[in-house]
file query-v2.cif (mmCIF, C-alpha atoms and all ligand atoms)
data_work
loop_
_atom_site.group_PDB
_atom_site.id
_atom_site.type_symbol
_atom_site.label_atom_id
_atom_site.label_comp_id
_atom_site.auth_asym_id
_atom_site.auth_seq_id
_atom_site.Cartn_x
_atom_site.Cartn_y
_atom_site.Cartn_z
ATOM 1 C CA MET L 717 -13.429 -7.227 2.792
ATOM 2 C CA GLY L 718 -10.664 -8.143 5.219
ATOM 3 C CA ALA L 719 -8.621 -5.064 4.507
ATOM 4 C CA ALA L 720 -11.553 -2.652 4.712
ATOM 5 C CA GLY L 721 -12.771 -4.239 7.923
ATOM 6 C CA LEU L 722 -9.364 -3.903 9.503
ATOM 7 C CA VAL L 723 -9.012 -0.235 8.710
ATOM 8 C CA LEU L 724 -12.555 0.586 9.790
ATOM 9 C CA SER L 725 -12.383 -1.270 13.069
ATOM 10 C CA ARG L 726 -9.001 0.223 13.895
ATOM 11 C CA HIS L 727 -10.421 3.669 13.257
ATOM 12 C CA LYS L 728 -13.429 2.968 15.453
ATOM 13 C CA LEU L 729 -11.063 1.998 18.243
ATOM 14 C CA ASN L 730 -9.053 5.163 17.756
ATOM 15 C CA THR L 731 -11.936 7.562 17.784
ATOM 16 C CA GLY L 732 -14.393 5.734 19.974
ATOM 17 C CA ARG L 733 -17.081 6.638 17.482
ATOM 18 C CA LEU L 734 -19.215 4.102 15.681
ATOM 19 C CA PHE L 735 -20.512 4.430 12.162
ATOM 20 C CA HIS L 736 -23.095 2.308 10.472
ATOM 21 C CA GLN L 737 -21.525 0.178 7.786
ATOM 22 C CA ALA L 738 -23.965 1.631 5.248
ATOM 23 C CA GLY L 739 -22.685 5.135 5.884
ATOM 24 C CA ALA L 740 -19.015 4.232 6.157
ATOM 25 C CA THR L 741 -16.644 5.722 3.628
ATOM 26 C CA ARG L 742 -15.474 3.122 1.116
ATOM 27 C CA LEU L 743 -12.321 3.355 -0.988
ATOM 28 C CA ILE L 744 -12.032 1.256 -4.140
ATOM 29 C CA LEU L 745 -9.212 1.294 -6.685
ATOM 30 C CA LEU L 746 -10.733 1.133 -10.169
ATOM 31 C CA GLY L 747 -7.494 1.284 -12.180
ATOM 32 C CA THR L 748 -3.880 1.238 -11.021
ATOM 33 C CA LYS L 749 -1.632 1.357 -14.093
ATOM 34 C CA GLY L 750 0.319 4.535 -14.740
ATOM 35 C CA GLY L 751 0.619 5.738 -18.331
ATOM 36 C CA PRO L 752 -1.712 5.163 -21.254
ATOM 37 C CA SER L 753 -1.960 1.711 -22.744
ATOM 38 C CA LEU L 754 -4.332 -0.903 -24.067
ATOM 39 C CA GLY L 755 -2.419 -3.787 -22.546
ATOM 40 C CA GLU L 756 -3.740 -6.671 -20.508
ATOM 41 C CA GLY L 757 -3.639 -6.469 -16.752
ATOM 42 C CA ARG L 758 -4.017 -3.293 -14.762
ATOM 43 C CA LYS L 759 -6.404 -0.623 -16.058
ATOM 44 C CA ASN L 760 -5.572 3.077 -16.218
ATOM 45 C CA PRO L 761 -5.826 5.235 -13.111
ATOM 46 C CA SER L 762 -9.139 5.854 -11.422
ATOM 47 C CA THR L 763 -10.126 5.737 -7.769
ATOM 48 C CA LEU L 764 -13.618 5.608 -6.276
ATOM 49 C CA LEU L 765 -14.713 6.869 -2.890
ATOM 50 C CA LEU L 766 -18.235 6.144 -1.702
ATOM 51 C CA ILE L 767 -19.065 8.726 0.926
ATOM 52 C CA ASN L 768 -22.454 8.391 2.589
ATOM 53 C CA GLY L 769 -23.502 6.423 -0.488
ATOM 54 C CA ALA L 770 -22.457 9.048 -3.050
ATOM 55 C CA PRO L 771 -19.764 8.129 -5.598
ATOM 56 C CA TYR L 772 -16.749 10.450 -5.812
ATOM 57 C CA VAL L 773 -14.420 9.464 -8.675
ATOM 58 C CA VAL L 774 -10.830 10.685 -8.839
ATOM 59 C CA ASP L 775 -9.417 10.509 -12.373
ATOM 60 C CA CYS L 776 -10.941 8.674 -15.304
ATOM 61 C CA GLY L 777 -8.247 6.808 -17.210
ATOM 62 C CA TYR L 778 -9.227 4.689 -20.193
ATOM 63 C CA GLY L 779 -11.623 1.969 -19.033
ATOM 64 C CA ALA L 780 -12.638 3.782 -15.839
ATOM 65 C CA SER L 781 -16.285 3.789 -16.838
ATOM 66 C CA ARG L 782 -16.298 -0.006 -17.209
ATOM 67 C CA GLN L 783 -14.386 -0.408 -13.960
ATOM 68 C CA PHE L 784 -16.910 1.803 -12.184
ATOM 69 C CA LYS L 785 -19.629 -0.561 -13.374
ATOM 70 C CA ALA L 786 -17.540 -3.630 -12.564
ATOM 71 C CA ALA L 787 -17.038 -2.438 -8.983
ATOM 72 C CA SER L 788 -20.870 -2.524 -8.703
ATOM 73 C CA VAL L 789 -20.950 -0.636 -5.443
ATOM 74 C CA ALA L 790 -22.969 2.364 -6.634
ATOM 75 C CA GLU L 791 -26.599 2.272 -7.762
ATOM 76 C CA ASN L 792 -26.219 5.411 -9.838
ATOM 77 C CA GLY L 793 -23.475 6.945 -11.921
ATOM 78 C CA PRO L 794 -20.753 9.171 -10.486
ATOM 79 C CA ARG L 795 -22.009 12.181 -8.514
ATOM 80 C CA TYR L 796 -18.666 13.992 -8.272
ATOM 81 C CA ILE L 797 -15.632 13.692 -10.551
ATOM 82 C CA PHE L 798 -12.173 15.067 -9.785
ATOM 83 C CA ILE L 799 -9.381 15.216 -12.343
ATOM 84 C CA THR L 800 -5.838 15.548 -10.971
ATOM 85 C CA HIS L 801 -4.263 16.764 -14.243
ATOM 86 C CA HIS L 802 -4.870 16.517 -17.958
ATOM 87 C CA HIS L 803 -2.581 13.675 -19.011
ATOM 88 C CA ALA L 804 -4.862 11.351 -20.953
ATOM 89 C CA ASP L 805 -4.260 8.380 -18.656
ATOM 90 C CA HIS L 806 -6.241 10.471 -16.147
ATOM 91 C CA ASN L 807 -9.038 11.934 -18.264
ATOM 92 C CA LEU L 808 -9.605 9.827 -21.397
ATOM 93 C CA ASP L 809 -12.751 8.244 -19.909
ATOM 94 C CA TYR L 810 -14.029 11.428 -18.267
ATOM 95 C CA GLY L 811 -16.737 12.032 -20.890
ATOM 96 C CA PRO L 812 -17.718 8.357 -21.202
ATOM 97 C CA MET L 813 -17.966 8.091 -17.387
ATOM 98 C CA ILE L 814 -20.764 10.677 -17.517
ATOM 99 C CA TYR L 815 -22.289 9.661 -20.839
ATOM 100 C CA ASN L 816 -22.593 5.965 -19.966
ATOM 101 C CA ALA L 817 -24.605 6.707 -16.818
ATOM 102 C CA TRP L 818 -27.019 8.796 -18.906
ATOM 103 C CA ALA L 819 -27.181 6.206 -21.672
ATOM 104 C CA ALA L 820 -27.932 3.498 -19.089
ATOM 105 C CA GLY L 821 -30.936 5.519 -17.932
ATOM 106 C CA LEU L 822 -29.501 6.411 -14.541
ATOM 107 C CA PRO L 823 -30.329 9.755 -12.947
ATOM 108 C CA VAL L 824 -27.437 12.079 -13.785
ATOM 109 C CA LYS L 825 -26.247 15.096 -11.860
ATOM 110 C CA VAL L 826 -22.493 15.510 -11.984
ATOM 111 C CA ASP L 827 -20.233 18.149 -10.512
ATOM 112 C CA ALA L 828 -16.776 17.890 -12.070
ATOM 113 C CA TYR L 829 -13.668 19.503 -10.598
ATOM 114 C CA GLY L 830 -10.225 19.942 -12.071
ATOM 115 C CA PRO L 831 -7.515 22.275 -13.249
ATOM 116 C CA PRO L 832 -7.982 24.736 -16.141
ATOM 117 C CA GLY L 833 -8.960 23.024 -19.356
ATOM 118 C CA LEU L 834 -11.748 20.929 -17.840
ATOM 119 C CA SER L 835 -14.496 23.206 -19.184
ATOM 120 C CA ARG L 836 -13.034 23.034 -22.667
ATOM 121 C CA ILE L 837 -12.654 19.262 -22.452
ATOM 122 C CA THR L 838 -16.278 18.951 -21.307
ATOM 123 C CA ARG L 839 -17.537 21.139 -24.164
ATOM 124 C CA ALA L 840 -15.385 19.231 -26.625
ATOM 125 C CA PHE L 841 -16.821 15.921 -25.452
ATOM 126 C CA PHE L 842 -20.366 17.208 -25.832
ATOM 127 C CA GLU L 843 -19.491 18.407 -29.328
ATOM 128 C CA TYR L 844 -18.067 14.971 -30.119
ATOM 129 C CA THR L 845 -21.304 13.327 -28.967
ATOM 130 C CA ARG L 846 -23.678 16.111 -30.050
ATOM 131 C CA PHE L 847 -25.389 14.126 -32.804
ATOM 132 C CA ASP L 848 -26.078 11.217 -30.467
ATOM 133 C CA ILE L 849 -27.255 13.359 -27.554
ATOM 134 C CA GLU L 850 -29.579 15.507 -29.685
ATOM 135 C CA THR L 851 -30.944 12.466 -31.461
ATOM 136 C CA ARG L 852 -31.727 10.727 -28.180
ATOM 137 C CA ILE L 853 -33.357 13.873 -26.752
ATOM 138 C CA ASP L 854 -35.698 14.089 -29.778
ATOM 139 C CA ASP L 855 -36.113 10.413 -30.493
ATOM 140 C CA GLU L 856 -36.201 8.923 -26.990
ATOM 141 C CA GLY L 857 -37.322 11.885 -24.902
ATOM 142 C CA ARG L 858 -34.208 11.901 -22.736
ATOM 143 C CA PRO L 859 -33.121 14.921 -20.684
ATOM 144 C CA ASP L 860 -30.328 17.059 -22.121
ATOM 145 C CA LEU L 861 -27.138 15.583 -20.662
ATOM 146 C CA ARG L 862 -25.286 18.844 -21.263
ATOM 147 C CA LYS L 863 -27.472 20.587 -18.681
ATOM 148 C CA LEU L 864 -26.798 17.951 -16.013
ATOM 149 C CA VAL L 865 -23.069 18.531 -15.712
ATOM 150 C CA SER L 866 -21.494 21.444 -13.826
ATOM 151 C CA VAL L 867 -17.783 22.072 -14.239
ATOM 152 C CA HIS L 868 -15.703 23.742 -11.543
ATOM 153 C CA GLU L 869 -12.175 24.700 -12.532
ATOM 154 C CA PHE L 870 -9.566 25.794 -10.032
ATOM 155 C CA SER L 871 -5.958 26.862 -10.426
ATOM 156 C CA ARG L 872 -4.634 27.066 -6.878
ATOM 157 C CA PRO L 873 -4.555 24.889 -3.762
ATOM 158 C CA GLY L 874 -7.366 25.053 -1.231
ATOM 159 C CA ILE L 875 -10.905 23.855 -0.636
ATOM 160 C CA VAL L 876 -12.419 22.264 -3.716
ATOM 161 C CA LEU L 877 -15.752 21.126 -2.314
ATOM 162 C CA GLN L 878 -17.424 21.060 1.056
ATOM 163 C CA ASN L 879 -20.778 19.491 1.936
ATOM 164 C CA ASP L 880 -22.345 17.766 4.960
ATOM 165 C CA ASP L 881 -20.400 14.573 4.304
ATOM 166 C CA VAL L 882 -16.914 15.614 3.273
ATOM 167 C CA LYS L 883 -14.433 18.399 2.805
ATOM 168 C CA VAL L 884 -12.300 18.026 -0.311
ATOM 169 C CA THR L 885 -9.075 20.004 -0.543
ATOM 170 C CA CYS L 886 -6.234 20.013 -3.049
ATOM 171 C CA VAL L 887 -2.540 20.793 -3.161
ATOM 172 C CA GLN L 888 -0.320 21.397 -6.158
ATOM 173 C CA VAL L 889 2.163 18.585 -6.789
ATOM 174 C CA ARG L 890 5.323 18.287 -8.913
ATOM 175 C CA HIS L 891 4.640 16.765 -12.315
ATOM 176 C CA PRO L 892 6.663 18.687 -14.897
ATOM 177 C CA PRO L 893 6.144 19.897 -17.516
ATOM 178 C CA ILE L 894 2.566 20.114 -16.234
ATOM 179 C CA LYS L 895 2.159 22.856 -13.647
ATOM 180 C CA GLN L 896 -1.543 22.395 -13.019
ATOM 181 C CA ALA L 897 -1.303 18.984 -11.324
ATOM 182 C CA TYR L 898 -2.981 18.320 -7.980
ATOM 183 C CA ALA L 899 -3.435 15.840 -5.166
ATOM 184 C CA TYR L 900 -6.792 15.613 -3.395
ATOM 185 C CA ARG L 901 -7.625 15.072 0.247
ATOM 186 C CA PHE L 902 -11.053 13.805 1.341
ATOM 187 C CA ASP L 903 -11.887 14.422 4.982
ATOM 188 C CA ALA L 904 -15.081 12.463 5.574
ATOM 189 C CA ARG L 905 -16.671 12.034 9.010
ATOM 190 C CA ASP L 906 -15.128 8.624 9.605
ATOM 191 C CA ARG L 907 -12.000 8.652 7.491
ATOM 192 C CA SER L 908 -9.440 10.801 5.697
ATOM 193 C CA VAL L 909 -8.089 9.704 2.353
ATOM 194 C CA VAL L 910 -5.447 11.406 0.200
ATOM 195 C CA ILE L 911 -4.834 10.629 -3.463
ATOM 196 C CA SER L 912 -1.493 11.823 -4.816
ATOM 197 C CA GLY L 913 -2.198 12.110 -8.517
ATOM 198 C CA ASP L 914 1.039 12.124 -10.520
ATOM 199 C CA THR L 915 4.042 13.642 -8.818
ATOM 200 C CA THR L 916 7.695 13.286 -8.196
ATOM 201 C CA TYR L 917 8.922 13.402 -4.584
ATOM 202 C CA ALA L 918 6.972 16.295 -3.025
ATOM 203 C CA PRO L 919 7.370 16.925 0.724
ATOM 204 C CA GLU L 920 4.507 19.426 0.563
ATOM 205 C CA LEU L 921 2.257 16.507 -0.407
ATOM 206 C CA ALA L 922 3.382 14.669 2.743
ATOM 207 C CA ASP L 923 2.490 17.731 4.821
ATOM 208 C CA PHE L 924 -0.872 17.943 3.048
ATOM 209 C CA ALA L 925 -1.502 14.272 3.891
ATOM 210 C CA ARG L 926 -0.444 14.570 7.535
ATOM 211 C CA GLY L 927 -2.532 12.409 9.827
ATOM 212 C CA ALA L 928 -4.685 10.925 7.058
ATOM 213 C CA ASP L 929 -5.876 7.341 7.488
ATOM 214 C CA VAL L 930 -4.940 6.364 3.956
ATOM 215 C CA LEU L 931 -2.556 7.825 1.385
ATOM 216 C CA VAL L 932 -2.914 6.432 -2.124
ATOM 217 C CA HIS L 933 0.390 7.278 -3.789
ATOM 218 C CA GLU L 934 1.798 6.703 -7.246
ATOM 219 C CA ALA L 935 4.856 4.422 -7.409
ATOM 220 C CA MET L 936 7.734 3.907 -9.823
ATOM 221 C CA TYR L 937 10.014 0.860 -9.571
ATOM 222 C CA LEU L 938 13.487 1.839 -10.743
ATOM 223 C CA PRO L 939 14.834 -1.617 -11.725
ATOM 224 C CA GLY L 940 11.668 -2.063 -13.826
ATOM 225 C CA ILE L 941 12.373 1.288 -15.478
ATOM 226 C CA GLU L 942 15.807 0.060 -16.532
ATOM 227 C CA THR L 943 14.127 -2.839 -18.344
ATOM 228 C CA LEU L 944 11.587 -0.483 -19.903
ATOM 229 C CA LEU L 945 14.268 1.979 -21.038
ATOM 230 C CA LYS L 946 16.211 -0.748 -22.829
ATOM 231 C CA ARG L 947 13.223 -1.260 -25.130
ATOM 232 C CA VAL L 948 13.017 2.346 -26.336
ATOM 233 C CA PRO L 949 15.422 4.331 -28.530
ATOM 234 C CA ASN L 950 15.271 7.684 -26.709
ATOM 235 C CA ALA L 951 16.132 6.159 -23.354
ATOM 236 C CA ALA L 952 18.128 9.044 -21.947
ATOM 237 C CA ARG L 953 15.312 11.561 -22.296
ATOM 238 C CA LEU L 954 12.609 9.165 -21.132
ATOM 239 C CA ARG L 955 14.631 8.458 -18.018
ATOM 240 C CA GLU L 956 14.878 12.202 -17.336
ATOM 241 C CA HIS L 957 11.144 12.611 -17.790
ATOM 242 C CA LEU L 958 10.265 9.735 -15.477
ATOM 243 C CA MET L 959 12.710 10.793 -12.781
ATOM 244 C CA ALA L 960 11.469 14.388 -12.892
ATOM 245 C CA SER L 961 7.767 13.530 -12.858
ATOM 246 C CA HIS L 962 7.225 10.365 -10.804
ATOM 247 C CA THR L 963 8.138 8.980 -7.373
ATOM 248 C CA THR L 964 10.437 6.024 -6.724
ATOM 249 C CA THR L 965 9.239 3.422 -4.230
ATOM 250 C CA GLU L 966 11.867 4.553 -1.707
ATOM 251 C CA ASP L 967 10.643 8.139 -1.913
ATOM 252 C CA VAL L 968 7.033 6.955 -1.554
ATOM 253 C CA GLY L 969 8.154 5.440 1.766
ATOM 254 C CA ARG L 970 9.747 8.738 2.796
ATOM 255 C CA ILE L 971 6.530 10.614 1.958
ATOM 256 C CA GLY L 972 4.399 8.119 3.915
ATOM 257 C CA ALA L 973 6.688 8.399 6.937
ATOM 258 C CA ARG L 974 6.726 12.202 6.867
ATOM 259 C CA ALA L 975 2.922 12.257 6.484
ATOM 260 C CA GLY L 976 2.486 9.847 9.395
ATOM 261 C CA VAL L 977 -0.368 8.059 7.666
ATOM 262 C CA LYS L 978 -1.598 4.695 8.950
ATOM 263 C CA THR L 979 -1.898 3.030 5.566
ATOM 264 C CA LEU L 980 0.021 3.635 2.356
ATOM 265 C CA VAL L 981 -1.570 2.282 -0.802
ATOM 266 C CA LEU L 982 0.597 2.012 -3.895
ATOM 267 C CA SER L 983 -1.129 2.766 -7.197
ATOM 268 C CA HIS L 984 -0.421 4.274 -10.621
ATOM 269 C CA PHE L 985 2.371 1.747 -11.085
ATOM 270 C CA VAL L 986 5.219 2.589 -13.472
ATOM 271 C CA PRO L 987 5.850 0.235 -15.101
ATOM 272 C CA GLY L 988 2.317 -1.049 -14.604
ATOM 273 C CA ASP L 989 2.385 -3.828 -17.142
ATOM 274 C CA ASP L 990 5.435 -5.877 -16.146
ATOM 275 C CA PRO L 991 4.156 -9.096 -14.540
ATOM 276 C CA SER L 992 7.698 -10.056 -13.524
ATOM 277 C CA ILE L 993 7.608 -7.400 -10.775
ATOM 278 C CA MET L 994 6.251 -9.045 -7.639
ATOM 279 C CA ASP L 995 4.417 -7.292 -4.789
ATOM 280 C CA GLU L 996 7.471 -7.703 -2.550
ATOM 281 C CA GLN L 997 9.532 -5.733 -5.069
ATOM 282 C CA TRP L 998 7.026 -2.878 -4.997
ATOM 283 C CA THR L 999 7.056 -2.761 -1.188
ATOM 284 C CA GLU L 1000 10.779 -3.367 -0.620
ATOM 285 C CA GLY L 1001 11.896 0.236 -1.160
ATOM 286 C CA VAL L 1002 8.824 1.695 0.558
ATOM 287 C CA SER L 1003 9.345 -0.327 3.739
ATOM 288 C CA LYS L 1004 12.897 0.964 4.138
ATOM 289 C CA HIS L 1005 11.392 4.262 5.285
ATOM 290 C CA PHE L 1006 7.734 3.583 6.156
ATOM 291 C CA SER L 1007 6.758 1.315 9.040
ATOM 292 C CA GLY L 1008 2.950 1.503 8.686
ATOM 293 C CA ARG L 1009 0.756 -0.731 6.625
ATOM 294 C CA ILE L 1010 1.686 -0.963 2.924
ATOM 295 C CA ILE L 1011 -0.819 -2.201 0.358
ATOM 296 C CA VAL L 1012 0.121 -2.992 -3.242
ATOM 297 C CA GLY L 1013 -2.964 -1.753 -5.046
ATOM 298 C CA LYS L 1014 -4.892 -3.970 -7.443
ATOM 299 C CA ASP L 1015 -7.779 -3.086 -9.736
ATOM 300 C CA LEU L 1016 -11.142 -3.332 -7.929
ATOM 301 C CA MET L 1017 -9.448 -3.765 -4.556
ATOM 302 C CA GLU L 1018 -11.326 -2.198 -1.639
ATOM 303 C CA ILE L 1019 -9.284 -0.669 1.159
HETATM 304 ZN ZN ZN L 1101 -0.389 9.261 -15.009
HETATM 305 ZN ZN ZN L 1102 0.698 12.479 -15.515
#

call {"tool": "encode", "arguments": {"input": "query-v2.cif", "output": "structure tokens", "more": "lines below"}}
Ligand SMILES: [Zn+2]
Ligand SMILES: [Zn+2]
result
Amino acid sequence: MGAAGLVLSRHKLNTGRLFHQAGATRLILLGTKGGPSLGEGRKNPSTLLLINGAPYVVDCGYGASRQFKAASVAENGPRYIFITHHHADHNLDYGPMIYNAWAAGLPVKVDAYGPPGLSRITRAFFEYTRFDIETRIDDEGRPDLRKLVSVHEFSRPGIVLQNDDVKVTCVQVRHPPIKQAYAYRFDARDRSVVISGDTTYAPELADFARGADVLVHEAMYLPGIETLLKRVPNAARLREHLMASHTTTEDVGRIGARAGVKTLVLSHFVPGDDPSIMDEQWTEGVSKHFSGRIIVGKDLMEI
């Protein structure tokens, strides 16, 4: 609570406007580990925003559906889902996130947004679960889940969604070989939050995030990568991939400084399963360039 209270009260001071706590925008990290894995510790990437009570979920890595439940801040299932790109550590729990709300008997109406492929993934999931869904419609009298989900694909930067509570925009980031990879910005009435998705150093992301209250950015710790690379046979190519597709902690600091955000939250940690890396090691490189508040993200942490 301390962290959220701090940010909210600081914002109230800045704007002179007051918002009821119930309507305040809440930001909760559901999973913070970059890359797919079944390991102990951090869960795969997923971030929850509660805006005027409605749950907006960005990415659904494996376990996101359980983490959504564990966060226990929403009465219903997700209302809006946003996928940054189609690496499986970002979409493996996309179908289950929707299905589990329906199976739990919650009212379901989901609008899902993401780059091309999301419609096909949605159809494929409903094919995968067709027997179960059709059985439960006939046998238990449930509504047809397939009619409760609307998919909205986009393939260029711009406005993704706009309603009375929030404007959601996206910008293309640098995550080769994937071209259709995006960051999202949520401009709610009381707070602006940007979520980087997966990207290497991208100044255009900093410009996109300019003036936001919070930037949640992926982070890669180079000394930890050296340890990781020693364990794998194709080290040279893996190093190239990681360097081309993810952002070192020092560069995260540069992005935060250029964006001029108040708070920089580190998430999507690479490596995300090395308990020998302390919080101070994650922040050390960032703080060389960024003088605002730095938060080392943890699963189920509220900011
Ligand atoms: Zn990832
Ligand atoms: Zn990725």

call {"tool": "residues_near_ligand", "arguments": {"input": "query-v2.cif", "ligand": "ligand ZN 1102 (chain L)", "cutoff": "10 Å", "atoms": "only C-alpha atoms and all ligand atoms", "output": "ChimeraX atom specification"}}
result
/L:750-752,800-806,890-894,897,913-915,958,961-962,984

call {"tool": "closest_residue", "arguments": {"input": "query-v2.cif", "among": "L:Ala973, L:Ile875, L:Ala840, L:Cys776", "to": "ligand ZN 1101 (chain L)", "atoms": "all atoms listed in the file"}}
result
L:Cys776

call {"tool": "residues_around", "arguments": {"input": "query-v2.cif", "residues": "Glu942 (chain L)", "least_positions_apart": "2", "cutoff": "12 Å", "atoms": "all atoms listed in the file", "output": "ChimeraX atom specification"}}
result
/L:936-940,944-948,951-952,954-955,958-959,986-987,990

call {"tool": "closest_residue", "arguments": {"input": "query-v2.cif", "among": "L:Arg970, L:Arg782, L:His933, L:Lys1004", "to": "ligand ZN 1101 (chain L)", "atoms": "all atoms listed in the file"}}
result
L:His933

call {"tool": "atom_distance", "arguments": {"input": "query-v2.cif", "atom1": "CA of Leu834 (chain L)", "atom2": "CA of Ser866 (chain L)"}}
result
10.6 Å

call {"tool": "closest_residue", "arguments": {"input": "query-v2.cif", "among": "L:Phe798, L:Trp998, L:Tyr917, L:Tyr778", "to": "Leu982 (chain L)", "atoms": "all atoms listed in the file"}}
result
L:Trp998

call {"tool": "atom_distance", "arguments": {"input": "query-v2.cif", "atom1": "CA of Ile744 (chain L)", "atom2": "CA of Asp923 (chain L)"}}
result
23.7 Å

call {"tool": "resolve_selection", "arguments": {"input": "query-v2.cif", "expression": "the PyMOL selection byres (((chain L and resi 779) around 10) and not hetatm)", "output": "list in words"}}
result
Leu746, Gly747, Leu754, Lys759, Asn760, Pro761, Ser762, Cys776, Gly777, Tyr778, Ala780, Ser781, Arg782, Gln783, Phe784, Asp805, Leu808, Asp809, Tyr810, Pro812 and Met813 of chain L

call {"tool": "write_last_selection", "arguments": {"input": "query-v2.cif", "atoms": "C-alpha atoms", "output": "PDB file, in the coordinates of the input"}}
result
ATOM      1  CA  LEU L 746     -10.733   1.133 -10.169  1.00  0.00           C
ATOM      2  CA  GLY L 747      -7.494   1.284 -12.180  1.00  0.00           C
ATOM      3  CA  LEU L 754      -4.332  -0.903 -24.067  1.00  0.00           C
ATOM      4  CA  LYS L 759      -6.404  -0.623 -16.058  1.00  0.00           C
ATOM      5  CA  ASN L 760      -5.572   3.077 -16.218  1.00  0.00           C
ATOM      6  CA  PRO L 761      -5.826   5.235 -13.111  1.00  0.00           C
ATOM      7  CA  SER L 762      -9.139   5.854 -11.422  1.00  0.00           C
ATOM      8  CA  CYS L 776     -10.941   8.674 -15.304  1.00  0.00           C
ATOM      9  CA  GLY L 777      -8.247   6.808 -17.210  1.00  0.00           C
ATOM     10  CA  TYR L 778      -9.227   4.689 -20.193  1.00  0.00           C
ATOM     11  CA  ALA L 780     -12.638   3.782 -15.839  1.00  0.00           C
ATOM     12  CA  SER L 781     -16.285   3.789 -16.838  1.00  0.00           C
ATOM     13  CA  ARG L 782     -16.298  -0.006 -17.209  1.00  0.00           C
ATOM     14  CA  GLN L 783     -14.386  -0.408 -13.960  1.00  0.00           C
ATOM     15  CA  PHE L 784     -16.910   1.803 -12.184  1.00  0.00           C
ATOM     16  CA  ASP L 805      -4.260   8.380 -18.656  1.00  0.00           C
ATOM     17  CA  LEU L 808      -9.605   9.827 -21.397  1.00  0.00           C
ATOM     18  CA  ASP L 809     -12.751   8.244 -19.909  1.00  0.00           C
ATOM     19  CA  TYR L 810     -14.029  11.428 -18.267  1.00  0.00           C
ATOM     20  CA  PRO L 812     -17.718   8.357 -21.202  1.00  0.00           C
ATOM     21  CA  MET L 813     -17.966   8.091 -17.387  1.00  0.00           C
TER      22      MET L 813
END

call {"tool": "decode", "arguments": {"input": "query-v2.cif", "residues": "region 972-976 of chain L", "atoms": "all heavy atoms", "output": "CSV table (one decimal), in the first residue's frame"}}
result
chain,number,residue,atom,x,y,z
L,972,GLY,N,14.3,6.0,-19.2
L,972,GLY,CA,13.5,6.7,-18.1
L,972,GLY,C,13.8,8.1,-18.1
L,972,GLY,O,12.9,9.0,-17.9
L,973,ALA,N,15.1,8.5,-18.2
L,973,ALA,CA,15.5,9.9,-18.1
L,973,ALA,C,15.0,10.6,-19.3
L,973,ALA,O,14.5,11.7,-19.2
L,973,ALA,CB,17.1,9.9,-18.1
L,974,ARG,N,15.1,10.1,-20.5
L,974,ARG,CA,14.6,10.8,-21.7
L,974,ARG,C,13.1,10.9,-21.6
L,974,ARG,O,12.6,12.0,-22.1
L,974,ARG,CB,15.0,9.9,-22.9
L,974,ARG,CG,14.6,10.5,-24.2
L,974,ARG,CD,15.1,9.8,-25.4
L,974,ARG,NE,14.5,10.2,-26.7
L,974,ARG,CZ,15.2,10.4,-27.8
L,974,ARG,NH1,16.5,10.3,-27.9
L,974,ARG,NH2,14.5,10.8,-28.9
L,975,ALA,N,12.4,9.9,-21.1
L,975,ALA,CA,11.0,10.0,-21.0
L,975,ALA,C,10.5,11.0,-19.9
L,975,ALA,O,9.4,11.6,-20.0
L,975,ALA,CB,10.4,8.7,-20.7
L,976,GLY,N,11.4,11.3,-18.9
L,976,GLY,CA,11.0,12.2,-17.8
L,976,GLY,C,9.9,11.7,-17.0
L,976,GLY,O,9.1,12.5,-16.4
